[in-house]
$ cat model_8.txt   # compact mmCIF, C-alpha atoms
# COMPACT_ATOMS: atom_id res chain seq x y z
CA MET C 1 84.11 155.76 80.65
CA ASP C 2 87.77 156.01 81.65
CA ARG C 3 90.81 153.98 80.62
CA ARG C 4 89.78 151.26 82.99
CA ARG C 5 86.40 150.92 81.28
CA PHE C 6 88.06 151.00 77.88
CA LEU C 7 90.12 147.98 78.89
CA GLN C 8 87.02 146.50 80.50
CA GLY C 9 85.32 146.67 77.11
CA VAL C 10 87.95 144.44 75.58
CA VAL C 11 89.52 142.19 78.25
CA ALA C 12 88.16 139.49 80.55
CA GLY C 13 87.61 139.85 84.25
CA LEU C 14 85.75 136.64 84.69
CA LEU C 15 83.85 135.97 87.91
CA ALA C 16 81.18 133.41 88.79
CA ALA C 17 78.22 132.99 86.42
CA PRO C 18 75.72 130.24 85.54
CA VAL C 19 77.14 127.50 83.35
CA VAL C 20 75.61 126.88 79.93
CA ALA C 21 76.13 123.13 79.68
CA GLU C 22 75.91 122.84 75.92
CA ALA C 23 78.64 125.47 75.44
CA GLN C 24 81.36 123.42 77.10
CA GLN C 25 83.00 120.05 76.92
CA ALA C 26 82.21 118.15 80.13
CA GLY C 27 85.02 118.52 82.65
CA LYS C 28 87.20 120.62 80.35
CA VAL C 29 89.10 123.55 81.86
CA TRP C 30 90.18 126.12 79.26
CA ARG C 31 93.21 128.38 79.65
CA LEU C 32 92.91 131.93 78.35
CA GLY C 33 95.86 134.30 78.17
CA VAL C 34 95.30 138.07 78.18
CA LEU C 35 98.10 140.27 76.83
CA ASP C 36 97.31 143.88 77.67
CA PRO C 37 99.47 146.95 76.91
CA GLY C 38 97.73 148.93 79.64
CA VAL C 39 97.44 148.80 83.42
CA PRO C 40 95.60 146.08 85.35
CA VAL C 41 92.12 146.59 86.73
CA SER C 42 90.44 144.72 89.56
CA ASP C 43 88.46 141.52 89.11
CA ALA C 44 85.37 143.35 90.37
CA GLU C 45 85.69 145.92 87.59
CA TRP C 46 86.38 143.28 84.96
CA SER C 47 83.22 141.40 85.88
CA LYS C 48 81.21 144.32 84.44
CA THR C 49 82.91 144.35 81.06
CA ALA C 50 81.25 143.52 77.78
CA PHE C 51 83.85 140.82 77.11
CA ALA C 52 83.34 139.21 80.53
CA GLU C 53 79.56 139.45 80.38
CA GLN C 54 79.48 137.77 76.98
CA LEU C 55 81.74 134.94 78.16
CA HIS C 56 79.43 134.51 81.16
CA ARG C 57 76.48 134.17 78.82
CA LEU C 58 78.42 131.58 76.86
CA GLY C 59 79.02 129.58 80.04
CA TYR C 60 82.65 130.25 80.95
CA VAL C 61 83.39 130.58 84.68
CA ASN C 62 86.77 131.74 85.89
CA GLY C 63 88.18 129.23 88.36
CA ASN C 64 85.74 126.58 87.22
CA ASN C 65 85.90 125.75 83.52
CA LEU C 66 88.21 128.64 82.66
CA ILE C 67 91.56 129.87 84.00
CA VAL C 68 92.64 133.37 82.96
CA TYR C 69 96.31 134.36 82.90
CA ARG C 70 96.76 138.12 82.60
CA ARG C 71 99.89 140.01 81.66
CA HIS C 72 99.91 143.83 81.65
CA ALA C 73 102.58 146.08 80.20
CA GLY C 74 101.52 149.18 82.12
CA GLY C 75 101.71 151.34 79.00
CA ARG C 76 105.25 150.19 78.12
CA ILE C 77 105.10 148.64 74.66
CA ASP C 78 108.66 147.38 75.00
CA GLN C 79 107.49 144.98 77.73
CA LEU C 80 104.99 143.20 75.49
CA PRO C 81 107.38 140.69 73.80
CA GLU C 82 108.59 139.32 77.14
CA LEU C 83 105.04 139.11 78.48
CA ALA C 84 103.84 137.36 75.32
CA THR C 85 106.65 134.80 75.56
CA ASP C 86 105.67 134.15 79.16
CA LEU C 87 102.05 133.51 78.19
CA ALA C 88 103.02 131.28 75.28
CA GLY C 89 104.88 129.01 77.69
CA LEU C 90 101.82 128.37 79.88
CA THR C 91 99.97 125.87 77.65
CA ILE C 92 97.38 128.51 76.74
CA ASP C 93 94.38 127.59 74.56
CA VAL C 94 93.80 131.14 73.26
CA ILE C 95 95.63 134.45 73.66
CA PHE C 96 93.48 137.56 73.70
CA THR C 97 95.35 140.80 73.07
CA ILE C 98 94.82 144.50 72.51
CA SER C 99 96.47 146.83 69.97
CA THR C 100 98.83 146.28 67.05
CA PRO C 101 101.95 145.98 69.25
CA GLY C 102 100.12 143.39 71.34
CA VAL C 103 99.41 141.24 68.28
CA GLU C 104 102.95 141.68 66.97
CA ALA C 105 104.37 140.49 70.30
CA ALA C 106 101.98 137.52 70.50
CA ARG C 107 102.68 136.53 66.88
CA THR C 108 106.41 136.53 67.53
CA ALA C 109 105.92 134.41 70.66
CA THR C 110 103.79 131.71 69.02
CA LYS C 111 102.79 130.50 65.57
CA THR C 112 100.39 127.84 66.90
CA ILE C 113 98.34 129.26 69.78
CA PRO C 114 95.22 131.04 68.43
CA ILE C 115 95.32 134.82 68.88
CA VAL C 116 92.19 137.01 69.03
CA PHE C 117 92.66 140.78 68.90
CA VAL C 118 90.80 144.05 69.29
CA ALA C 119 91.82 147.72 68.90
CA VAL C 120 93.94 147.06 65.82
CA GLY C 121 93.67 149.83 63.25
CA ASP C 122 94.47 148.07 59.98
CA PRO C 123 95.61 144.44 60.38
CA VAL C 124 96.14 143.99 56.64
CA LYS C 125 98.25 147.11 56.03
CA THR C 126 100.35 146.35 59.11
CA GLY C 127 100.90 142.77 57.95
CA LEU C 128 99.19 140.99 60.83
CA VAL C 129 96.78 139.05 58.60
CA ARG C 130 96.70 138.06 54.93
CA SER C 131 93.27 139.59 54.29
CA LEU C 132 90.15 140.44 56.24
CA ALA C 133 88.14 137.60 54.71
CA HIS C 134 90.93 135.04 54.97
CA PRO C 135 93.32 136.07 57.77
CA GLY C 136 95.41 132.90 57.53
CA GLY C 137 97.69 131.59 60.25
CA ASN C 138 96.70 131.70 63.92
CA ILE C 139 95.42 135.30 64.14
CA THR C 140 91.98 136.88 63.82
CA GLY C 141 89.85 139.44 65.62
CA ILE C 142 88.03 142.73 65.33
CA SER C 143 89.60 145.67 63.52
CA SER C 144 88.90 149.18 64.76
CA GLN C 145 89.69 150.70 61.33
CA LEU C 146 91.45 153.60 63.04
CA PRO C 147 93.52 154.69 60.03
CA ASP C 148 90.34 155.27 58.02
CA LEU C 149 89.01 157.65 60.67
CA GLY C 150 91.71 160.31 60.38
CA GLY C 151 90.06 162.35 57.65
CA LYS C 152 86.69 162.27 59.37
CA GLN C 153 88.20 163.38 62.67
CA LEU C 154 89.94 166.32 61.00
CA GLN C 155 86.69 167.23 59.28
CA LEU C 156 84.89 167.24 62.62
CA LEU C 157 87.57 169.45 64.16
CA LYS C 158 87.04 171.86 61.28
CA GLU C 159 83.30 171.87 61.98
CA PHE C 160 83.95 172.71 65.62
CA VAL C 161 86.23 175.60 64.64
CA PRO C 162 85.90 176.58 60.94
CA SER C 163 88.96 178.85 61.13
CA LEU C 164 91.17 175.97 62.29
CA SER C 165 94.35 175.72 60.21
CA ARG C 166 96.94 173.83 62.30
CA VAL C 167 96.48 170.58 64.24
CA ALA C 168 98.99 168.80 66.46
CA VAL C 169 98.85 165.00 66.32
CA LEU C 170 100.22 162.93 69.20
CA TRP C 171 101.34 159.59 67.80
CA ASN C 172 103.72 156.72 68.58
CA SER C 173 106.17 155.60 65.91
CA ALA C 174 106.61 152.26 67.72
CA ASN C 175 102.96 151.44 66.95
CA ALA C 176 102.45 150.49 63.29
CA ALA C 177 98.74 151.38 63.42
CA SER C 178 99.52 154.82 64.82
CA ALA C 179 102.09 155.40 62.08
CA SER C 180 99.58 154.33 59.43
CA ALA C 181 96.90 156.59 60.90
CA LEU C 182 99.27 159.56 60.83
CA MET C 183 99.98 159.02 57.13
CA ASP C 184 96.25 158.95 56.39
CA GLN C 185 95.71 162.14 58.39
CA GLU C 186 98.57 163.89 56.61
CA ARG C 187 97.02 162.93 53.26
CA ALA C 188 93.57 164.20 54.26
CA ALA C 189 94.72 167.47 55.83
CA PRO C 190 95.49 169.62 52.73
CA SER C 191 91.98 169.28 51.28
CA LEU C 192 90.62 170.67 54.56
CA GLY C 193 93.07 173.56 54.66
CA ILE C 194 94.87 172.04 57.66
CA GLN C 195 98.55 171.65 58.41
CA ILE C 196 99.65 168.74 60.62
CA LYS C 197 102.26 169.09 63.35
CA ALA C 198 103.23 165.48 64.20
CA LEU C 199 104.61 164.92 67.71
CA ASN C 200 106.05 161.49 68.38
CA ILE C 201 105.66 160.08 71.92
CA ARG C 202 107.09 156.59 72.35
CA ASP C 203 106.99 156.31 76.14
CA ALA C 204 105.69 158.21 79.15
CA ALA C 205 109.02 159.94 79.77
CA GLU C 206 108.64 161.82 76.49
CA LEU C 207 105.17 163.18 77.26
CA GLU C 208 105.99 166.28 79.30
CA PRO C 209 108.88 167.44 77.05
CA VAL C 210 106.59 167.15 74.02
CA LEU C 211 103.80 169.09 75.74
CA ALA C 212 106.31 171.76 76.77
CA LEU C 213 107.41 172.05 73.14
CA LEU C 214 103.81 172.25 71.97
CA ALA C 215 103.06 174.99 74.50
CA GLN C 216 105.53 177.24 72.67
CA ASP C 217 103.66 176.95 69.36
CA ARG C 218 100.71 179.31 69.51
CA SER C 219 99.71 178.55 65.92
CA VAL C 220 98.28 175.14 66.89
CA GLY C 221 94.56 175.31 67.50
CA ALA C 222 93.67 171.66 68.02
CA LEU C 223 95.07 168.42 69.36
CA LEU C 224 94.33 165.03 67.78
CA VAL C 225 95.36 162.19 70.11
CA HIS C 226 96.03 158.66 68.88
CA PRO C 227 94.76 155.88 71.17
CA ALA C 228 98.20 154.21 71.32
CA ALA C 229 100.19 153.91 74.53
CA PRO C 230 101.36 155.98 76.32
CA MET C 231 98.84 158.63 75.23
CA PHE C 232 95.84 156.61 76.34
CA GLU C 233 97.20 155.95 79.81
CA HIS C 234 97.93 159.68 80.23
CA ARG C 235 94.88 161.05 78.43
CA ALA C 236 93.68 163.03 81.47
CA ARG C 237 96.96 164.96 81.55
CA ILE C 238 96.84 165.54 77.80
CA MET C 239 93.25 166.80 77.87
CA GLU C 240 94.06 169.03 80.84
CA PHE C 241 96.96 170.49 78.88
CA ALA C 242 94.76 171.11 75.83
CA ALA C 243 92.15 172.90 77.92
CA SER C 244 94.80 175.04 79.62
CA ARG C 245 96.03 176.16 76.19
CA ARG C 246 92.42 176.68 74.99
CA MET C 247 92.95 174.05 72.30
CA ILE C 248 90.14 171.84 71.11
CA SER C 249 90.93 168.12 71.30
CA MET C 250 89.76 164.96 69.58
CA SER C 251 90.45 161.27 70.18
CA SER C 252 89.27 157.97 68.72
CA PHE C 253 87.61 156.50 71.83
CA ARG C 254 84.97 158.00 74.09
CA ALA C 255 87.31 157.69 77.09
CA GLY C 256 89.14 160.71 75.69
CA ALA C 257 86.01 162.86 75.70
CA GLU C 258 85.07 161.60 79.14
CA ALA C 259 88.53 162.61 80.38
CA GLY C 260 87.87 166.21 79.34
CA GLY C 261 88.54 166.24 75.63
CA LEU C 262 86.15 168.18 73.44
CA ALA C 263 85.07 165.18 71.41
CA SER C 264 85.78 161.64 70.29
CA TYR C 265 84.88 159.80 67.14
CA GLY C 266 85.52 156.10 66.70
CA PRO C 267 84.19 152.56 67.01
CA ASP C 268 82.02 151.19 69.82
CA LEU C 269 84.50 149.11 71.83
CA ARG C 270 81.87 147.40 73.94
CA GLU C 271 80.56 145.84 70.75
CA HIS C 272 84.12 144.75 69.98
CA GLY C 273 84.44 143.14 73.40
CA ARG C 274 81.32 141.05 72.79
CA LEU C 275 82.47 140.02 69.33
CA ALA C 276 85.90 139.06 70.65
CA ALA C 277 84.31 136.85 73.31
CA ASP C 278 82.27 135.15 70.59
CA TYR C 279 85.48 134.43 68.66
CA VAL C 280 87.19 133.01 71.74
CA ASP C 281 84.19 130.73 72.24
CA LYS C 282 84.22 129.55 68.61
CA ILE C 283 87.94 128.78 68.77
CA LEU C 284 87.61 126.85 72.02
CA LYS C 285 84.88 124.80 70.33
CA GLY C 286 87.23 123.88 67.49
CA THR C 287 87.01 126.59 64.82
CA LYS C 288 90.37 127.57 63.34
CA PRO C 289 91.32 131.28 63.55
CA SER C 290 92.04 131.21 59.81
CA ASP C 291 88.38 130.36 59.20
CA LEU C 292 87.13 133.38 61.18
CA PRO C 293 87.23 136.57 59.08
CA VAL C 294 88.49 139.75 60.69
CA GLN C 295 85.40 141.77 61.56
CA GLN C 296 85.11 145.51 61.02
CA PRO C 297 83.18 148.10 63.04
CA THR C 298 79.49 148.45 62.32
CA LYS C 299 78.98 151.51 64.50
CA PHE C 300 80.99 154.69 65.01
CA GLU C 301 80.25 156.98 67.93
CA LEU C 302 80.50 160.75 68.10
CA VAL C 303 80.77 161.90 71.71
CA ILE C 304 80.85 165.61 72.52
CA ASN C 305 81.82 167.05 75.89
CA LEU C 306 79.59 170.11 76.15
CA LYS C 307 81.13 171.05 79.49
CA THR C 308 84.54 171.33 77.82
CA ALA C 309 83.03 173.33 74.95
CA LYS C 310 81.62 175.84 77.44
CA THR C 311 84.97 176.05 79.24
CA LEU C 312 86.64 176.85 75.91
CA GLY C 313 83.95 179.43 75.09
CA LEU C 314 82.73 177.49 72.05
CA THR C 315 79.19 177.68 70.78
CA LEU C 316 78.62 174.44 68.91
CA PRO C 317 76.28 174.23 65.92
CA PRO C 318 72.99 172.50 66.85
CA SER C 319 73.49 170.18 63.87
CA LEU C 320 76.66 168.80 65.47
CA LEU C 321 74.95 168.19 68.79
CA LEU C 322 72.08 166.42 67.04
CA ARG C 323 74.54 164.10 65.30
CA ALA C 324 76.24 163.14 68.56
CA ASP C 325 75.60 159.71 70.00
CA GLN C 326 76.32 161.13 73.46
CA VAL C 327 76.60 164.66 74.83
CA ILE C 328 78.44 165.02 78.11
CA GLU C 329 77.05 167.92 80.14

$ encode --input "model_8.txt" --output "structure tokens"
Amino acid sequence: MDRRRFLQGVVAGLLAAPVVAEAQQAGKVWRLGVLDPGVPVSDAEWSKTAFAEQLHRLGYVNGNNLIVYRRHAGGRIDQLPELATDLAGLTIDVIFTISTPGVEAARTATKTIPIVFVAVGDPVKTGLVRSLAHPGGNITGISSQLPDLGGKQLQLLKEFVPSLSRVAVLWNSANAASASALMDQERAAPSLGIQIKALNIRDAAELEPVLALLAQDRSVGALLVHPAAPMFEHRARIMEFAASRRMISMSSFRAGAEAGGLASYGPDLREHGRLAADYVDKILKGTKPSDLPVQQPTKFELVINLKTAKTLGLTLPPSLLLRADQVIE
């Protein structure tokens, strides 16, 4: 799965599908806005996504009883507010968005249009909702609980290389969830005998200078990559860099491992795409977002890239491989 399939797991590319009559109001055409921090993908690719497939099963047909308006920031978080304002002015029934900055932009643009989110690390700590059980306002969705994963990811890195003592973390200070995750990782690190080297990357222009700086520090043995933009859009370059420096690497979504990282540990985003589609359906049928509790992940996936391990000369413990949900060979 690459970045495109990550976005496919959480956004709608809605093509023709059989209509489920009881799921819709007769003659009603719904208007769905998609606010995406990443790059666009084709309609053909979107039709294979978990979100799209679930909406198909629920009877929504793009161009028939559903019109989808998509706005993509191309990895530039600073573009999200303008795109959200544009969507809010289109008489949208629901806005579906990805990431904490996406929700923040949509919330600023509208206090009335329902907003459904995915890939938000901690919506309570970042102030997006009142509580998980009672989100309040016009916002709900599926939390990825990313801040809670930091300690576990560091622990896994330590299992891969027991002598590991220094980890570089690529994060984005413009993303509240990324900032929160970094704080959790910095709290967890001392108990594991690890020092954190935090490297802030706010846009794509900062990536290469940061990697050049990191290349000069030979004490760093591992790279932990946050899923925030622009790191996700440039994950292949980051994983290539890590391999060239013989550094092990970890990310929160399997796309990182599939791009050449050693491993990933995080929630199953295809499940999140299906759940988000269910919430969109409920809202279109009349349920208020404030009555839909924010859902939390029920499954976390450990993906190990055995090919990368061999390239790095690592012999992984059989116990780790047995625990993996997927081994890439």

$ residues_around --input "model_8.txt" --residues "segment 65-80 of chain C" --least-positions-apart "6" --cutoff "6 Å" --atoms "all atoms listed in the file" --output "list in words"
Val29, Trp30, Arg31, Leu32, Gly33, Val34, Leu35, Asp36, Pro37, Gly38, Val39, Ala105, Ala229 and Pro230 of chain C

$ closest_residue --input "model_8.txt" --among "C:Arg323, C:Ala215, C:Pro267, C:Ala174" --to "Asp203 of chain C" --atoms "all atoms listed in the file"
C:Ala174

$ closest_residue --input "model_8.txt" --among "C:Leu223, C:Met231, C:Ala276, C:Ala236" --to "Leu157 of chain C" --atoms "all atoms listed in the file"
C:Leu223

$ closest_residue --input "model_8.txt" --among "C:Arg245, C:Gly137, C:Gly127, C:Ser180" --to "Asp217 of chain C" --atoms "all atoms listed in the file"
C:Arg245

$ atom_distance --input "model_8.txt" --atom1 "atom CA of Pro114 of chain C" --atom2 "atom CA of Ile95 of chain C"
6.3 Å

$ closest_residue --input "model_8.txt" --among "C:Lys288, C:Val225, C:Val161, C:Glu258" --to "Leu312 of chain C" --atoms "only C-alpha atoms"
C:Val161
